[in-house]
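What follows is query.tsv (TSV, C-alpha atoms).
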chain	number	residue	atom	x	y	z
A	269	MET	CA	41.98	37.39	-12.88
A	270	SER	CA	42.54	39.19	-9.59
A	271	LEU	CA	43.90	37.34	-6.59
A	272	ARG	CA	40.71	38.09	-4.65
A	273	ARG	CA	38.51	36.61	-7.40
A	274	PHE	CA	40.74	33.56	-7.72
A	275	LEU	CA	40.57	32.90	-3.98
A	276	GLY	CA	36.79	33.32	-4.07
A	277	LEU	CA	36.42	30.74	-6.86
A	278	LEU	CA	38.77	28.37	-5.06
A	279	CYS	CA	36.68	28.66	-1.92
A	280	CYS	CA	33.49	27.78	-3.86
A	281	VAL	CA	35.14	24.70	-5.37
A	282	VAL	CA	36.26	23.48	-1.94
A	283	VAL	CA	32.76	23.98	-0.46
A	284	LEU	CA	31.13	22.06	-3.32
A	285	ALA	CA	33.62	19.23	-2.97
A	286	LEU	CA	32.99	18.89	0.77
A	287	MET	CA	29.19	19.24	0.57
A	288	PRO	CA	28.41	15.50	0.15
A	289	LEU	CA	30.55	14.71	3.19
A	290	VAL	CA	28.84	17.39	5.24
A	291	LEU	CA	25.39	16.25	4.20
A	292	SER	CA	26.27	12.66	5.05
A	293	ARG	CA	27.53	13.63	8.52
A	294	ASN	CA	24.41	15.68	9.16
A	295	GLY	CA	22.20	12.76	8.10
A	296	ALA	CA	20.66	14.64	5.17
A	297	ALA	CA	22.11	12.41	2.45
A	298	ALA	CA	20.05	9.23	2.80
A	299	PRO	CA	21.53	5.94	1.56
A	300	ALA	CA	19.95	4.14	-1.40
A	301	GLY	CA	16.74	2.44	-0.33
A	302	ALA	CA	16.14	4.53	2.78
A	303	GLY	CA	13.35	6.43	1.05
A	304	TYR	CA	11.09	3.44	0.39
A	305	HIS	CA	7.53	4.17	1.50
A	306	LEU	CA	3.94	3.23	0.69
A	307	LEU	CA	3.02	4.47	-2.77
A	308	LYS	CA	-0.38	2.89	-3.28
A	309	LYS	CA	-2.95	0.53	-1.79
A	310	MET	CA	-4.88	-1.71	-4.17
A	311	PRO	CA	-8.06	-3.05	-2.49
A	312	VAL	CA	-8.67	-5.96	-4.88
A	313	GLY	CA	-10.88	-7.92	-2.43
A	314	GLY	CA	-11.96	-11.51	-2.84
A	315	GLU	CA	-12.28	-14.37	-0.37
A	316	GLY	CA	-9.81	-16.86	1.03
A	317	GLY	CA	-6.09	-16.82	1.58
A	318	TRP	CA	-3.14	-16.39	-0.74
A	319	ASP	CA	0.41	-17.48	-1.38
A	320	TYR	CA	2.98	-16.40	-3.98
A	321	LEU	CA	2.63	-13.40	-6.27
A	322	THR	CA	4.44	-12.89	-9.57
A	323	VAL	CA	5.03	-9.60	-11.42
A	324	ASP	CA	5.16	-9.37	-15.21
A	325	SER	CA	6.91	-6.01	-15.54
A	326	GLU	CA	6.53	-5.90	-19.34
A	327	ALA	CA	2.79	-6.59	-19.44
A	328	ARG	CA	2.26	-4.56	-16.21
A	329	ARG	CA	0.43	-7.42	-14.52
A	330	ILE	CA	0.51	-8.99	-11.07
A	331	TYR	CA	-0.50	-12.65	-10.75
A	332	LEU	CA	-1.75	-13.72	-7.30
A	333	ALA	CA	-2.38	-17.28	-6.10
A	334	ARG	CA	-5.74	-17.18	-4.26
A	335	GLY	CA	-6.41	-20.80	-3.33
A	336	THR	CA	-8.94	-21.91	-5.96
A	337	HIS	CA	-7.95	-19.40	-8.63
A	338	VAL	CA	-5.34	-16.93	-9.83
A	339	MET	CA	-6.20	-13.25	-9.66
A	340	VAL	CA	-4.65	-11.02	-12.35
A	341	VAL	CA	-4.24	-7.32	-11.50
A	342	ASP	CA	-3.23	-4.31	-13.58
A	343	GLU	CA	-0.01	-3.19	-11.91
A	344	ASP	CA	-0.49	0.51	-12.70
A	345	LYS	CA	-4.25	0.89	-12.14
A	346	GLY	CA	-4.59	-1.55	-9.25
A	347	THR	CA	-7.69	-3.14	-10.77
A	348	VAL	CA	-8.53	-6.79	-11.39
A	349	VAL	CA	-8.27	-7.48	-15.15
A	350	GLY	CA	-8.71	-11.24	-15.18
A	351	ASP	CA	-9.16	-14.45	-13.25
A	352	ILE	CA	-7.94	-17.97	-13.89
A	353	PRO	CA	-10.07	-20.67	-12.20
A	354	ILE	CA	-8.05	-23.75	-11.22
A	355	ALA	CA	-10.18	-26.89	-11.20
A	356	ASP	CA	-10.06	-29.55	-8.50
A	357	THR	CA	-7.91	-27.75	-5.97
A	358	LYS	CA	-8.19	-25.33	-3.07
A	359	ASN	CA	-4.50	-24.76	-2.69
A	360	VAL	CA	-2.85	-22.93	-5.59
A	361	HIS	CA	0.63	-21.93	-4.42
A	362	GLY	CA	2.61	-20.22	-7.18
A	363	ILE	CA	2.72	-18.94	-10.74
A	364	ALA	CA	5.56	-19.18	-13.25
A	365	LEU	CA	5.57	-17.40	-16.61
A	366	ALA	CA	7.16	-18.72	-19.80
A	367	LYS	CA	7.02	-15.51	-21.82
A	368	ASP	CA	8.88	-17.07	-24.76
A	369	LEU	CA	6.17	-19.74	-25.05
A	370	GLY	CA	3.22	-17.51	-24.20
A	371	LYS	CA	2.26	-19.79	-21.32
A	372	GLY	CA	1.86	-19.64	-17.57
A	373	TYR	CA	1.98	-22.44	-14.99
A	374	THR	CA	0.44	-22.81	-11.54
A	375	SER	CA	1.46	-25.26	-8.80
A	376	ASN	CA	-1.64	-26.87	-7.28
A	377	GLY	CA	-0.84	-28.22	-3.82
A	378	LEU	CA	-3.76	-30.49	-2.93
A	379	ALA	CA	-4.28	-31.76	-6.48
A	380	ASN	CA	-0.58	-32.53	-7.08
A	381	THR	CA	-0.81	-30.96	-10.51
A	382	VAL	CA	0.35	-28.06	-12.66
A	383	THR	CA	-2.21	-26.05	-14.63
A	384	VAL	CA	-1.04	-24.55	-17.93
A	385	PHE	CA	-2.72	-21.33	-19.11
A	386	ASP	CA	-2.44	-18.96	-22.05
A	387	ILE	CA	-0.86	-15.66	-20.97
A	388	ALA	CA	-2.70	-13.62	-23.60
A	389	THR	CA	-6.22	-14.98	-23.04
A	390	LEU	CA	-5.81	-16.35	-19.48
A	391	LYS	CA	-7.62	-19.51	-20.62
A	392	THR	CA	-6.49	-22.83	-19.18
A	393	LEU	CA	-4.85	-25.17	-21.70
A	394	SER	CA	-4.02	-28.39	-19.85
A	395	THR	CA	-3.28	-30.06	-16.53
A	396	ILE	CA	-0.11	-32.02	-15.78
A	397	LYS	CA	0.28	-34.53	-12.94
A	398	VAL	CA	3.54	-34.11	-11.02
A	399	THR	CA	5.67	-36.86	-9.46
A	400	GLY	CA	5.30	-35.71	-5.87
A	401	GLU	CA	2.83	-34.37	-3.34
A	402	ASN	CA	2.01	-30.78	-2.44
A	403	PRO	CA	3.84	-28.92	-5.22
A	404	ASP	CA	4.60	-25.57	-3.61
A	405	SER	CA	6.92	-23.23	-5.50
A	406	VAL	CA	7.14	-23.37	-9.30
A	407	LEU	CA	9.90	-22.16	-11.62
A	408	TYR	CA	10.36	-21.78	-15.38
A	409	ASP	CA	13.87	-22.41	-16.74
A	410	ALA	CA	13.96	-20.81	-20.20
A	411	ALA	CA	17.44	-22.14	-21.02
A	412	ASN	CA	16.23	-25.75	-20.88
A	413	LYS	CA	12.55	-25.06	-21.63
A	414	ARG	CA	11.50	-26.78	-18.41
A	415	VAL	CA	9.01	-26.09	-15.65
A	416	TRP	CA	9.97	-27.21	-12.15
A	417	THR	CA	7.74	-27.84	-9.15
A	418	PHE	CA	9.19	-28.30	-5.67
A	419	ASN	CA	7.06	-30.77	-3.77
A	420	GLY	CA	6.88	-30.15	-0.03
A	421	LYS	CA	5.29	-33.33	1.24
A	422	THR	CA	7.50	-35.78	-0.68
A	423	ALA	CA	10.80	-33.85	-0.56
A	424	ASN	CA	11.43	-33.95	-4.28
A	425	ALA	CA	11.24	-31.81	-7.42
A	426	THR	CA	9.48	-32.52	-10.71
A	427	ALA	CA	10.87	-31.36	-14.07
A	428	ILE	CA	8.41	-30.90	-16.95
A	429	ASP	CA	9.21	-30.31	-20.61
A	430	ALA	CA	7.41	-27.00	-21.21
A	431	THR	CA	7.02	-27.67	-24.94
A	432	SER	CA	5.48	-31.14	-24.76
A	433	GLY	CA	3.96	-30.94	-21.28
A	434	GLN	CA	5.57	-34.27	-20.34
A	435	VAL	CA	7.35	-35.00	-17.07
A	436	VAL	CA	11.03	-35.60	-17.86
A	437	GLY	CA	12.59	-36.09	-14.44
A	438	THR	CA	12.34	-36.20	-10.66
A	439	VAL	CA	15.03	-35.01	-8.27
A	440	LYS	CA	15.16	-36.40	-4.74
A	441	LEU	CA	15.87	-33.79	-2.05
A	442	SER	CA	17.00	-34.07	1.57
A	443	GLY	CA	13.99	-32.29	3.03
A	444	LYS	CA	11.14	-29.86	2.47
A	445	PRO	CA	11.89	-27.56	-0.48
A	446	GLU	CA	10.98	-23.88	-0.35
A	447	THR	CA	11.73	-21.20	-2.93
A	448	PRO	CA	14.14	-21.65	-5.89
A	449	VAL	CA	16.20	-19.20	-7.96
A	450	LEU	CA	18.14	-19.56	-11.24
A	451	ASP	CA	21.78	-18.51	-11.33
A	452	GLY	CA	21.97	-17.93	-15.11
A	453	LYS	CA	24.79	-20.47	-15.44
A	454	GLY	CA	22.87	-23.73	-15.45
A	455	SER	CA	22.05	-24.16	-11.76
A	456	ILE	CA	18.99	-23.83	-9.57
A	457	PHE	CA	19.57	-22.83	-5.94
A	458	LEU	CA	16.91	-23.98	-3.51
A	459	ASN	CA	16.25	-23.53	0.22
A	460	ILE	CA	15.54	-26.71	2.22
A	461	GLU	CA	13.40	-25.42	5.07
A	462	ASP	CA	13.56	-28.25	7.59
A	463	LYS	CA	17.28	-28.97	7.07
A	464	ASN	CA	18.44	-25.32	7.23
A	465	SER	CA	20.39	-25.84	4.02
A	466	LEU	CA	20.88	-24.57	0.48
A	467	VAL	CA	20.85	-27.01	-2.45
A	468	GLU	CA	22.37	-26.50	-5.88
A	469	ILE	CA	20.69	-28.47	-8.69
A	470	ASP	CA	22.14	-28.99	-12.16
A	471	ALA	CA	19.13	-27.84	-14.19
A	472	LYS	CA	20.09	-29.73	-17.35
A	473	ALA	CA	21.26	-32.99	-15.80
A	474	MET	CA	18.49	-32.85	-13.15
A	475	THR	CA	20.81	-33.88	-10.33
A	476	VAL	CA	21.86	-32.37	-7.00
A	477	LYS	CA	25.36	-30.91	-7.27
A	478	HIS	CA	25.87	-29.59	-3.75
A	479	GLU	CA	24.07	-29.09	-0.46
A	480	TYR	CA	25.41	-26.41	1.85
A	481	PRO	CA	24.50	-25.85	5.53
A	482	LEU	CA	23.11	-22.40	6.30
A	483	ALA	CA	24.78	-21.84	9.65
A	484	GLY	CA	22.59	-19.80	12.00
A	485	CYS	CA	19.69	-19.72	9.52
A	486	GLU	CA	16.54	-21.34	10.89
A	487	ALA	CA	13.76	-22.27	8.43
A	488	PRO	CA	15.09	-20.67	5.22
A	489	SER	CA	12.19	-19.69	2.99
A	490	GLY	CA	12.37	-16.80	0.50
A	491	ILE	CA	15.34	-16.66	-1.87
A	492	ALA	CA	16.95	-14.23	-4.32
A	493	MET	CA	20.33	-13.92	-6.02
A	494	ASP	CA	22.88	-11.44	-7.26
A	495	THR	CA	23.88	-13.50	-10.29
A	496	ALA	CA	26.74	-11.14	-11.25
A	497	LYS	CA	28.47	-11.34	-7.86
A	498	ARG	CA	27.37	-14.95	-7.23
A	499	ARG	CA	25.63	-14.31	-3.93
A	500	VAL	CA	22.45	-16.12	-2.81
A	501	PHE	CA	20.09	-14.47	-0.31
A	502	SER	CA	18.04	-16.79	1.93
A	503	GLY	CA	15.43	-15.35	4.26
A	504	CYS	CA	15.64	-17.14	7.62
A	505	SER	CA	12.05	-17.21	8.91
A	506	ASP	CA	12.77	-18.26	12.50
A	507	SER	CA	16.08	-16.50	13.12
A	508	LYS	CA	15.31	-13.06	11.67
A	509	LYS	CA	18.33	-13.00	9.35
A	510	LEU	CA	19.09	-12.81	5.65
A	511	ALA	CA	21.78	-15.42	5.04
A	512	VAL	CA	24.13	-14.44	2.20
A	513	THR	CA	25.92	-17.40	0.61
A	514	ASP	CA	28.81	-17.48	-1.83
A	515	ALA	CA	27.30	-19.60	-4.62
A	516	ASP	CA	30.68	-21.05	-5.62
A	517	THR	CA	31.97	-22.08	-2.19
A	518	GLY	CA	28.75	-22.55	-0.20
A	519	LYS	CA	30.09	-20.34	2.58
A	520	VAL	CA	27.71	-17.98	4.41
A	521	VAL	CA	29.55	-14.66	4.15
A	522	ALA	CA	27.04	-12.40	5.94
A	523	ALA	CA	23.75	-12.52	7.84
A	524	PRO	CA	22.21	-9.05	8.30
A	525	ALA	CA	19.16	-8.73	10.53
A	526	ILE	CA	15.63	-8.64	9.08
A	527	GLY	CA	12.09	-8.73	10.46
A	528	GLU	CA	10.27	-11.73	11.93
A	529	ASP	CA	8.75	-14.59	9.88
A	530	THR	CA	9.77	-13.81	6.30
A	531	ASP	CA	8.46	-15.81	3.34
A	532	ALA	CA	9.88	-13.99	0.30
A	533	SER	CA	13.09	-12.28	-0.79
A	534	GLY	CA	14.12	-10.12	-3.72
A	535	PHE	CA	17.25	-8.54	-5.16
A	536	ASP	CA	17.45	-5.51	-7.44
A	537	PRO	CA	20.75	-5.57	-9.39
A	538	SER	CA	20.31	-1.96	-10.51
A	539	THR	CA	20.33	-0.59	-6.97
A	540	GLY	CA	22.18	-3.33	-5.07
A	541	LEU	CA	19.24	-3.68	-2.69
A	542	ALA	CA	17.97	-6.94	-1.19
A	543	PHE	CA	14.46	-7.18	0.28
A	544	ALA	CA	12.70	-9.47	2.76
A	545	SER	CA	8.97	-9.21	3.48
A	546	CYS	CA	8.01	-10.23	7.02
A	547	ARG	CA	4.74	-11.25	8.68
A	548	GLU	CA	5.18	-8.83	11.58
A	549	GLY	CA	4.53	-5.98	9.13
A	550	VAL	CA	8.03	-5.04	8.04
A	551	LEU	CA	9.83	-4.84	4.69
A	552	SER	CA	13.53	-5.19	5.50
A	553	ILE	CA	15.88	-3.50	3.01
A	554	ILE	CA	19.57	-4.45	2.86
A	555	HIS	CA	22.26	-2.79	0.74
A	556	GLU	CA	25.04	-4.82	-0.83
A	557	ASP	CA	28.09	-2.68	-0.02
A	558	SER	CA	30.40	-5.34	-1.46
A	559	PRO	CA	29.98	-9.08	-2.15
A	560	ASP	CA	30.76	-9.88	1.50
A	561	LYS	CA	29.52	-6.75	3.28
A	562	TYR	CA	25.89	-5.69	3.81
A	563	SER	CA	24.17	-2.81	5.57
A	564	VAL	CA	20.63	-2.64	6.91
A	565	VAL	CA	19.14	0.40	5.17
A	566	ALA	CA	15.60	0.38	6.52
A	567	ASN	CA	12.81	-1.65	8.07
A	568	VAL	CA	9.82	-0.13	6.34
A	569	LYS	CA	6.50	-0.52	8.15
A	570	THR	CA	3.97	-2.45	6.06
A	571	GLU	CA	1.01	-4.32	7.58
A	572	LEU	CA	0.56	-7.45	9.66
A	573	GLY	CA	0.61	-10.60	7.54
A	574	ALA	CA	2.48	-9.11	4.57
A	575	ARG	CA	5.10	-11.87	4.33
A	576	THR	CA	5.06	-12.61	0.58
A	577	MET	CA	6.32	-10.15	-2.01
A	578	ALA	CA	7.37	-9.55	-5.60
A	579	LEU	CA	9.84	-7.06	-7.03
A	580	ASP	CA	9.35	-5.20	-10.32
A	581	PRO	CA	12.90	-4.76	-11.67
A	582	LYS	CA	11.68	-2.15	-14.16
A	583	THR	CA	10.22	0.31	-11.63
A	584	HIS	CA	12.19	-0.98	-8.59
A	585	HIS	CA	8.87	-1.16	-6.73
A	586	VAL	CA	8.04	-3.89	-4.21
A	587	PHE	CA	4.57	-5.40	-3.85
A	588	VAL	CA	3.35	-7.15	-0.69
A	589	VAL	CA	-0.12	-8.53	0.08
A	590	THR	CA	-2.27	-8.86	3.18
A	591	ALA	CA	-5.80	-8.50	4.57
A	592	ASP	CA	-7.66	-7.83	7.80
A	593	PHE	CA	-7.74	-10.83	10.12
A	594	LYS	CA	-10.16	-12.58	12.46
A	595	PRO	CA	-8.82	-14.34	15.58
A	596	ALA	CA	-7.18	-17.70	14.99
A	597	PRO	CA	-9.37	-20.78	15.52
A	598	ALA	CA	-8.78	-23.14	18.42
A	599	PRO	CA	-5.77	-25.49	18.08
A	600	THR	CA	-6.38	-29.05	16.89
A	601	ALA	CA	-4.25	-32.17	16.62
A	602	ASP	CA	-3.87	-31.59	12.87
A	603	ASN	CA	-3.26	-27.85	13.26
A	604	PRO	CA	-1.67	-27.17	16.66
A	605	HIS	CA	-0.64	-23.61	15.69
A	606	PRO	CA	-3.55	-22.13	13.73
A	607	ARG	CA	-3.14	-18.73	12.14
A	608	PRO	CA	-5.64	-15.84	12.15
A	609	GLN	CA	-8.13	-16.06	9.28
A	610	PRO	CA	-8.49	-13.30	6.65
A	611	VAL	CA	-11.69	-11.28	6.60
A	612	PRO	CA	-13.46	-11.73	3.23
A	613	GLY	CA	-13.26	-8.72	0.94
A	614	THR	CA	-10.30	-7.06	2.69
A	615	PHE	CA	-7.45	-8.52	0.61
A	616	ARG	CA	-5.14	-5.81	-0.72
A	617	ILE	CA	-1.84	-5.20	-2.47
A	618	LEU	CA	0.58	-2.64	-1.04
A	619	GLU	CA	3.10	-1.00	-3.38
A	620	TYR	CA	6.37	0.45	-2.03
A	621	GLY	CA	9.04	2.53	-3.73
A	622	GLU	CA	11.16	5.65	-3.42

Using structure tokens, write down the structure from this file.
Amino acid sequence: MSLRRFLGLLCCVVVLALMPLVLSRNGAAAPAGAGYHLLKKMPVGGEGGWDYLTVDSEARRIYLARGTHVMVVDEDKGTVVGDIPIADTKNVHGIALAKDLGKGYTSNGLANTVTVFDIATLKTLSTIKVTGENPDSVLYDAANKRVWTFNGKTANATAIDATSGQVVGTVKLSGKPETPVLDGKGSIFLNIEDKNSLVEIDAKAMTVKHEYPLAGCEAPSGIAMDTAKRRVFSGCSDSKKLAVTDADTGKVVAAPAIGEDTDASGFDPSTGLAFASCREGVLSIIHEDSPDKYSVVANVKTELGARTMALDPKTHHVFVVTADFKPAPAPTADNPHPRPQPVPGTFRILEYGE
């Protein structure tokens, strides 16, 4: 090989090696998550409000709590494929799926019950009375075959044997429980909204193990977890932060900024991305650079009111829900801060991905 040809090849190798650095400095190499954008709108309609949504990535279904019923939507087609009427309540909050048992469970706030339904047929099977008032979030713990409801009005949690349908325990809490998450090692982590704290529950013993203060986190709501790195993500609704807590020490190690009034969080272990959906119309995306370091990747514009979300870990897509709104009604003694009311027929799912 001639000297000229050797030098030419060497020059090409150097250029290729430096190209990622050059692209990064010029802003052309976007970080993971920066490309999230609206992929699809699903105008599924219907009347009334909504609360939690749950994605079944294997069956390609989205379950949506719609007050008096649960709407079931084909995740790929964006069409309604089923509906589960929930008797004697106007306040269905959440849906938990026990795929190993072929059952689903809804938390029914005003009725203080759980409705059990068949996942395959969507037919209701039974109703279980819980040991508290206003069951809000609901969780299925496959390791112990238990369904948990977290009861907002009575500051406690109810544990139900998913096989027998019998209540097997009640856990007293320090304040109003919000969203829970399993850590895969026998614990449930739970935000306490009015105490600005994070509780760890022993899922088998049904006892509180620890309660940690979430310094600087006002009204923690949505929750997610990196179970491998033992980090819990709590969306702080009133302080526009995502509090990151070391699950083993209870120390808040980071608090990156997010949008205003979040109600749901998610974490994708494949990409290292954490998400927070916010009422102002923003999906905040945070990258886990290391267990104690986090970078704000993007604040993706969504739509006003889209504060609840679900993540599909298979596609890495995020789903948020909202509608058009009428002006809020006049304040009353019972409802001093009324929210704008959704316009019937305008409810929709928004799907985001890269």

Please report as JSON lines every residue of segment 287-356 of chain A lying within 9 Å of segment 541-554 of chain A, along with the nearest atom pair and their distance in Å (one decimal), using all atoms listed in the file.
{"residue": "A:Ala300", "atom": "CA", "partner": "A:Leu541", "partner_atom": "CA", "distance": 8.0}
{"residue": "A:Gly301", "atom": "CA", "partner": "A:Ile553", "partner_atom": "CA", "distance": 6.9}
{"residue": "A:Ala302", "atom": "CA", "partner": "A:Ile553", "partner_atom": "CA", "distance": 8.0}
{"residue": "A:Tyr304", "atom": "CA", "partner": "A:Ile553", "partner_atom": "CA", "distance": 8.8}

Inset, instruction - Write out as an NGL selection string each polymer residue whose atoms come within 7 Å of segment 379-382 of chain A, counting only C-alpha atoms; drop sequence neighbours fewer than 3 positions from it. - result: :A and (356-357 or 373-376 or 395-398 or 400-403)

Inset, instruction - Would you kindly return, as a list in words, each protein, DNA or RNA residue with an atom no farther than 8 Å from any atom of segment 335-350 of chain A, considering only C-alpha atoms and excluding same-chain residues fewer than 6 positions away? - result: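 Those residues are Lys309, Met310, Pro311, Val312, Gly316, Gly317, Trp318, Asp319, Arg328, Arg329, Thr357, Lys358, Asn359, Val360, His361 and Leu390 of chain A.
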
Inset, instruction - Take the point (7.7, -15.3, -14.8) as written in the file and pick out every residue within 8 Å of it, counting only C-alpha atoms; give the list as an MDAnalysis selection string. - result: chainID A and resid 322:324 363:367 372 407:408

Inset, instruction - Have a look at A:Ser442, A:Thr539, A:Ser563, A:Ser455 and name the one nearest to Asn412 of chain A; count only C-alpha atoms. - result: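 Looking only at the distances to Asn412 of chain A, the closest residue turns out to be A:Ser455.
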
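Across the model, the gap from atom CA of Asn424 of chain A to atom CA of Lys440 of chain A is 4.5 Å.
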
Using the file's own x, y and z axes, so that the box edges lie along x, y and z, what centre and edge lengths in Å (one decimal) does a box around every listed atom of segment 385-400 of chain A get when 5 Å is added on each side? Give it as lines of an AutoDock Vina configuration file.
center_x = -1.0
center_y = -25.2
center_z = -14.7
size_x = 23.3
size_y = 33.2
size_z = 27.7

Legend entry - Interatomic distance, atom CA of Ser394 of chain A to atom CA of Gly437 of chain A (Å, one decimal):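 Between these atoms lies a distance of 19.1 Å.
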
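Pairwise distance (atom CA of Thr600 of chain A, atom CA of Lys444 of chain A) equals 22.7 Å.
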
Can you pull out every residue within 9 Å of Leu321 of chain A, counting all atoms listed in the file, but drop anything in the same chain fewer than 3 positions away, and send it as a PDB file with C-alpha atoms, in the frame of the given file?
ATOM      1  CA  TRP A 318      -3.140 -16.390  -0.740  1.00  0.00           C
ATOM      2  CA  ILE A 330       0.510  -8.990 -11.070  1.00  0.00           C
ATOM      3  CA  TYR A 331      -0.500 -12.650 -10.750  1.00  0.00           C
ATOM      4  CA  LEU A 332      -1.750 -13.720  -7.300  1.00  0.00           C
ATOM      5  CA  ALA A 333      -2.380 -17.280  -6.100  1.00  0.00           C
ATOM      6  CA  HIS A 361       0.630 -21.930  -4.420  1.00  0.00           C
ATOM      7  CA  GLY A 362       2.610 -20.220  -7.180  1.00  0.00           C
ATOM      8  CA  ILE A 363       2.720 -18.940 -10.740  1.00  0.00           C
ATOM      9  CA  THR A 576       5.060 -12.610   0.580  1.00  0.00           C
ATOM     10  CA  MET A 577       6.320 -10.150  -2.010  1.00  0.00           C
ATOM     11  CA  ALA A 578       7.370  -9.550  -5.600  1.00  0.00           C
ATOM     12  CA  PHE A 587       4.570  -5.400  -3.850  1.00  0.00           C
ATOM     13  CA  VAL A 588       3.350  -7.150  -0.690  1.00  0.00           C
ATOM     14  CA  VAL A 589      -0.120  -8.530   0.080  1.00  0.00           C
TER      15      VAL A 589
END

Legend entry - Non-local contacts of Ala523 of chain A (7 Å; only C-alpha atoms; under 5 positions in same chain excluded) as number ranges by chain: A: 509-512

Inset, instruction - Could you give me, as a PyMOL selection string, the residues within 9 Å of Cys485 of chain A, counting only C-alpha atoms and dropping anything in the same chain fewer than 4 positions from it? - result: chain A and resi 464-465+481+502-511+523
